[in-house]
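To start, the structure under review is shown below, and the notes come after it.
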Amino acid sequence: MSNFTFTLLRFLALLLLFNSLHQFSAFQSETPTKRHDHFHIVEFNSLVTASTCNPSTRDASEEELLELVHNYGPCSKSKHHSKAKSPSIGEILERGQTRFNYKQLSANGENNQIGVKWDSSNTFEYVVSVGLGTPENNLTLVMDTGSSLLWTQCQPCTLGNIHGCFNQKDPIFDPSKSSTYTNITCSSPTCSLANATLGITGCSSSTCAYETGYQDGSIVAGFLAKERLSVGSGTFSDIIFGCSEVNVNLTLAGVDGILGLGQDFVSFVEQTSKTYEKVFSYCLPSKASEVGFLKFGKTNQVSKSLMFTQLGADYAIPLAGIKLGNTTLPINLTKDPVVIDSGTVISWLPSNDYITLRDAYRKAMSHYQLSEPFSILDTCYNVGGQSNLVVPKMSFLFEDGLVLDLPPIGVAFPINSTVVCLPFASNEAADGNLVLFGNTQQKTLEIEYDVAGGKIGFGYGVPASLPSLVSTVSCLCLPVSLTQTRCLPRSRLDGLVSCLPLSLGASLSLLAHPSLTRGSPRLKVCLSLSSLTVLGFSGT
């Protein structure tokens, strides 16, 4: 790197540091007894959904990524925004509780509902676009790791009829107009296997039929069929899917159906195993105004840095405990079933464990004013007027020693412009021991499900675009040469310049530009949600 470039980097770093001294002084005066290496310093606006979409700048063709967007955010193309009011945060949380209750019953073996393993609590948050049939029909489907069947509505059915179809974004699929559609007969091995694994019973005109009822009284019924399906750049023939013609008291909030990514044989993951080897990954955006991704198959680049642990049936994971700040809490989850789920908003803990976490969290957040509970969240704080928030770091601890640092939004969930809450809830069921790893704690993490290998990998997602840097990495070192990158945790950098929050701007793009950082002397950068900290230079 030229002397001019190096001098420019030094100048920009020092300039940004001096401009941030007053913010650091304010932080020290507000929390004089807290070690800031155990806390996130987060720009509050970085947690709040914007009114316009911040599209991804990723080159999707390189990794064959599908855009993954929040169904209720400005990046969603669903037309339901103009027809119906999006649910409030309170409604979404309450629906999430219904979904969790369903899963607790299933974990206890008490769910006697016949049919597809899926609940209809309308917590349908993250959607992707696929193509079905010939000619191709575009569909917007919910990504759901908690169910297996891919299904959508089919003609004939009547909109507005209580036993017909519900409003959806795209035209309802018409099998009679597709040259590649075929029914599955009752006598076929596929129908027999579906009956054994999904509880599908009954036939109609020798066609394999399915029907399922849910806790809220809604019913979905239709036929199993095979059809051509396009997902990203991949096209697959004879994909088994559910062609739903009867929907009673059911709505999917404007989307067209479900893309089930569970472990039953009808799952898209299982049906495409020869191509994708039963591997898929996703990264949920930090907020509804940003774009994440869904990918099938092993990730070429990022997977090398993933941290893996065991993955069991129903996507069970060996979560053992929780660390808050620098304290490992007296929580033992090894005796409880722990499931990771893309469709449940917050995380759930058994009652006693939740109380332990809540009490420690309240102590760590004592520099803010405790406010009234919100919906099912009982620990909330008034942070009005604060441009930056100071929130404790939280980590999930796994039985094999893996330590997963959660993103700031997984610790402080914004309810409105003045209130944040602890996004965990207590499992109050009498025999409630289910632990659930919800999607708020998954945001900005790259998560790879290797179903065939029986393992799941976690990594810290690469930002989709500047200046929206999203990471929970404590500290990051930019490349020191063309082939080498140095990275140190914050705990090993105490002798260097203190971590100071900086505003993002044009200078950030310059500092982070590959042409300037390649070959630079160990420039150490601390990343958090929409904040950058320059720790200093060492070496030449």
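So you can find residues: chains in the structure tokens are A, B, ... in the order shown, residues in each start at 1, and ligands are numbered from 1 in order.
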
Excluding Ile447 of chain A and any residue of its chain fewer than 6 positions from it, enumerate the residues within 6 Å of it, using only C-alpha atoms, and give them as a short mmCIF file (atom, residue, chain, number, x, y, z; two decimals) with C-alpha atoms, in the first residue's frame.
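Below is the file around-v3.cif, written as the result:
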```
data_model
loop_
_atom_site.label_atom_id
_atom_site.label_comp_id
_atom_site.auth_asym_id
_atom_site.auth_seq_id
_atom_site.Cartn_x
_atom_site.Cartn_y
_atom_site.Cartn_z
CA SER A 281 -28.89 -21.68 4.79
CA TYR A 282 -30.43 -18.30 5.45
CA GLY A 457 -23.61 -23.96 11.53
CA PHE A 458 -23.73 -20.41 12.81
#
```

Surrounding residues of Ile240 of chain A excluding itself and chain neighbours under 4 positions, 7 Å, only C-alpha atoms, as an mmCIF file with C-alpha atoms, in the first residue's frame:
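And here's out-v3.cif as it stands now:
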```
data_model
loop_
_atom_site.group_PDB
_atom_site.id
_atom_site.type_symbol
_atom_site.label_atom_id
_atom_site.label_comp_id
_atom_site.auth_asym_id
_atom_site.auth_seq_id
_atom_site.Cartn_x
_atom_site.Cartn_y
_atom_site.Cartn_z
ATOM 1 C CA LEU A 224 -51.242 -34.136 -3.335
ATOM 2 C CA ALA A 225 -49.748 -33.600 -6.765
ATOM 3 C CA LYS A 226 -46.468 -33.309 -8.644
ATOM 4 C CA GLU A 227 -45.363 -30.249 -10.553
ATOM 5 C CA VAL A 266 -42.245 -34.202 1.321
#
```

Write out as a ChimeraX atom specification all residues of segment 128-256 of chain A that backbone DSSP assigns to strand (DSSP E or B).
/A:128-132,137-144,151-154,159,165,168,173,182-183,185,203-204,207-213,219-231,234-248,254

Env of Ala313 of chain A: 12 Å cut, atoms = only C-alpha atoms, seq-sep filter 5 positions within chain, self excluded. Answer as number ranges by chain.
A: 107, 145-146, 262-264, 318, 337-340, 449, 451-452, 454-456

For segment 196-211 of chain A, find every residue with an atom within 8 Å (counting only C-alpha atoms), except residues of its own chain fewer than 3 positions away, and show them as a ChimeraX atom specification.
/A:114-117,183-187,191-193,219-224,242,264

Residues within 8 Å of segment 173-181 of chain A, please, as a ChimeraX atom specification. Count only C-alpha atoms; anything in the same chain fewer than 3 positions from it doesn't count.
/A:133-135,137,152-156,225-228

Store the residues picked out above, limited to C-alpha atoms, as a short mmCIF file (atom, residue, chain, number, x, y, z; two decimals), in the first residue's frame.
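Saved file part-v3.cif follows:
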```cif
data_model
loop_
_atom_site.label_atom_id
_atom_site.label_comp_id
_atom_site.auth_asym_id
_atom_site.auth_seq_id
_atom_site.Cartn_x
_atom_site.Cartn_y
_atom_site.Cartn_z
CA GLY A 133 -45.97 -25.06 -13.32
CA THR A 134 -45.62 -24.71 -17.09
CA PRO A 135 -46.02 -21.94 -18.03
CA ASN A 137 -46.70 -19.09 -12.14
CA THR A 152 -50.43 -23.33 -2.29
CA GLN A 153 -54.04 -22.64 -3.23
CA CYS A 154 -55.39 -24.16 -6.42
CA GLN A 155 -58.36 -23.61 -8.69
CA PRO A 156 -61.23 -24.31 -8.60
CA ALA A 225 -49.75 -33.60 -6.76
CA LYS A 226 -46.47 -33.31 -8.64
CA GLU A 227 -45.36 -30.25 -10.55
CA ARG A 228 -42.40 -28.42 -12.03
#
```

As an NGL selection string, list the residues of segment 262-402 of chain A assigned to alpha helix (DSSP H) by DSSP on the backbone atoms of this structure.
:A and (268-271 or 273-276 or 351-364)

Take the residues from that selection and write them out as a PDB file, in the first residue's frame, keeping C-alpha atoms.
```
ATOM      1  CA  PHE A 268     -38.306 -29.419  -0.417  1.00  0.00           C
ATOM      2  CA  VAL A 269     -35.028 -30.116   1.397  1.00  0.00           C
ATOM      3  CA  GLU A 270     -35.606 -33.871   1.163  1.00  0.00           C
ATOM      4  CA  GLN A 271     -36.958 -33.849  -2.391  1.00  0.00           C
ATOM      5  CA  SER A 273     -31.351 -33.965  -1.787  1.00  0.00           C
ATOM      6  CA  LYS A 274     -29.495 -35.165  -4.906  1.00  0.00           C
ATOM      7  CA  THR A 275     -28.886 -31.581  -5.963  1.00  0.00           C
ATOM      8  CA  TYR A 276     -28.493 -29.718  -2.691  1.00  0.00           C
ATOM      9  CA  SER A 351     -40.342 -20.416  33.667  1.00  0.00           C
ATOM     10  CA  ASN A 352     -37.541 -20.677  36.244  1.00  0.00           C
ATOM     11  CA  ASP A 353     -34.831 -20.184  33.631  1.00  0.00           C
ATOM     12  CA  TYR A 354     -36.641 -17.207  32.182  1.00  0.00           C
ATOM     13  CA  ILE A 355     -36.855 -15.568  35.617  1.00  0.00           C
ATOM     14  CA  THR A 356     -33.103 -16.049  36.057  1.00  0.00           C
ATOM     15  CA  LEU A 357     -32.402 -14.373  32.713  1.00  0.00           C
ATOM     16  CA  ARG A 358     -34.935 -11.600  33.301  1.00  0.00           C
ATOM     17  CA  ASP A 359     -33.555 -10.670  36.726  1.00  0.00           C
ATOM     18  CA  ALA A 360     -29.981 -10.521  35.431  1.00  0.00           C
ATOM     19  CA  TYR A 361     -31.108  -8.471  32.443  1.00  0.00           C
ATOM     20  CA  ARG A 362     -32.928  -5.981  34.642  1.00  0.00           C
ATOM     21  CA  LYS A 363     -29.802  -5.507  36.717  1.00  0.00           C
ATOM     22  CA  ALA A 364     -27.701  -4.940  33.597  1.00  0.00           C
TER      23      ALA A 364
END
```

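Proximity to segment 405-414 of chain A at 7 Å, evaluated using only C-alpha atoms and with sequence-adjacent residues fewer than 5 positions away removed, yields His40, Leu47, Val48, Met394, Ser395, Phe396, Val419, Val420, Cys421, Leu422, Pro423, Thr440, Gln441, Lys443, Thr444 and Thr472 of chain A.
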
Those selected residues, please, written with N, CA and C atoms and delivered as a PDB file, in the first residue's frame.
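Heads up, here's the output in again_15.pdb:
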```pdb
ATOM      1  N   HIS A  40     -23.116  -3.874  24.253  1.00  0.00           N
ATOM      2  CA  HIS A  40     -23.232  -3.317  22.913  1.00  0.00           C
ATOM      3  C   HIS A  40     -23.544  -1.832  23.030  1.00  0.00           C
ATOM      4  N   LEU A  47     -32.084  -0.190  14.914  1.00  0.00           N
ATOM      5  CA  LEU A  47     -32.966  -1.283  15.312  1.00  0.00           C
ATOM      6  C   LEU A  47     -34.375  -1.122  14.766  1.00  0.00           C
ATOM      7  N   VAL A  48     -34.709   0.082  14.322  1.00  0.00           N
ATOM      8  CA  VAL A  48     -36.086   0.415  13.964  1.00  0.00           C
ATOM      9  C   VAL A  48     -36.284   0.292  12.456  1.00  0.00           C
ATOM     10  N   MET A 394     -25.242 -10.801  24.981  1.00  0.00           N
ATOM     11  CA  MET A 394     -25.818 -12.082  25.374  1.00  0.00           C
ATOM     12  C   MET A 394     -25.295 -13.164  24.440  1.00  0.00           C
ATOM     13  N   SER A 395     -24.976 -14.310  25.001  1.00  0.00           N
ATOM     14  CA  SER A 395     -24.475 -15.436  24.218  1.00  0.00           C
ATOM     15  C   SER A 395     -25.229 -16.698  24.589  1.00  0.00           C
ATOM     16  N   PHE A 396     -25.483 -17.535  23.578  1.00  0.00           N
ATOM     17  CA  PHE A 396     -26.004 -18.878  23.806  1.00  0.00           C
ATOM     18  C   PHE A 396     -24.808 -19.825  23.926  1.00  0.00           C
ATOM     19  N   VAL A 419     -39.510   2.667  23.260  1.00  0.00           N
ATOM     20  CA  VAL A 419     -39.501   1.507  24.159  1.00  0.00           C
ATOM     21  C   VAL A 419     -38.798   0.319  23.504  1.00  0.00           C
ATOM     22  N   VAL A 420     -37.926  -0.335  24.283  1.00  0.00           N
ATOM     23  CA  VAL A 420     -37.343  -1.611  23.878  1.00  0.00           C
ATOM     24  C   VAL A 420     -37.647  -2.641  24.963  1.00  0.00           C
ATOM     25  N   CYS A 421     -37.737  -3.915  24.567  1.00  0.00           N
ATOM     26  CA  CYS A 421     -38.061  -4.986  25.514  1.00  0.00           C
ATOM     27  C   CYS A 421     -37.087  -6.146  25.360  1.00  0.00           C
ATOM     28  N   LEU A 422     -36.974  -6.933  26.406  1.00  0.00           N
ATOM     29  CA  LEU A 422     -36.245  -8.192  26.349  1.00  0.00           C
ATOM     30  C   LEU A 422     -37.074  -9.176  25.523  1.00  0.00           C
ATOM     31  N   PRO A 423     -36.570  -9.629  24.360  1.00  0.00           N
ATOM     32  CA  PRO A 423     -37.388 -10.468  23.467  1.00  0.00           C
ATOM     33  C   PRO A 423     -37.342 -11.955  23.817  1.00  0.00           C
ATOM     34  N   THR A 440     -35.988 -13.609  16.185  1.00  0.00           N
ATOM     35  CA  THR A 440     -35.382 -12.331  16.559  1.00  0.00           C
ATOM     36  C   THR A 440     -33.933 -12.526  16.978  1.00  0.00           C
ATOM     37  N   GLN A 441     -33.648 -13.611  17.679  1.00  0.00           N
ATOM     38  CA  GLN A 441     -32.273 -13.899  18.081  1.00  0.00           C
ATOM     39  C   GLN A 441     -31.433 -14.431  16.918  1.00  0.00           C
ATOM     40  N   LYS A 443     -31.497 -13.060  13.821  1.00  0.00           N
ATOM     41  CA  LYS A 443     -31.290 -12.008  12.823  1.00  0.00           C
ATOM     42  C   LYS A 443     -29.809 -11.673  12.662  1.00  0.00           C
ATOM     43  N   THR A 444     -29.421 -11.462  11.411  1.00  0.00           N
ATOM     44  CA  THR A 444     -28.062 -11.128  10.958  1.00  0.00           C
ATOM     45  C   THR A 444     -27.089 -12.290  11.079  1.00  0.00           C
ATOM     46  N   THR A 472     -22.384  -8.995  14.741  1.00  0.00           N
ATOM     47  CA  THR A 472     -22.201  -9.046  16.177  1.00  0.00           C
ATOM     48  C   THR A 472     -20.778  -9.466  16.514  1.00  0.00           C
TER      49      THR A 472
END
```
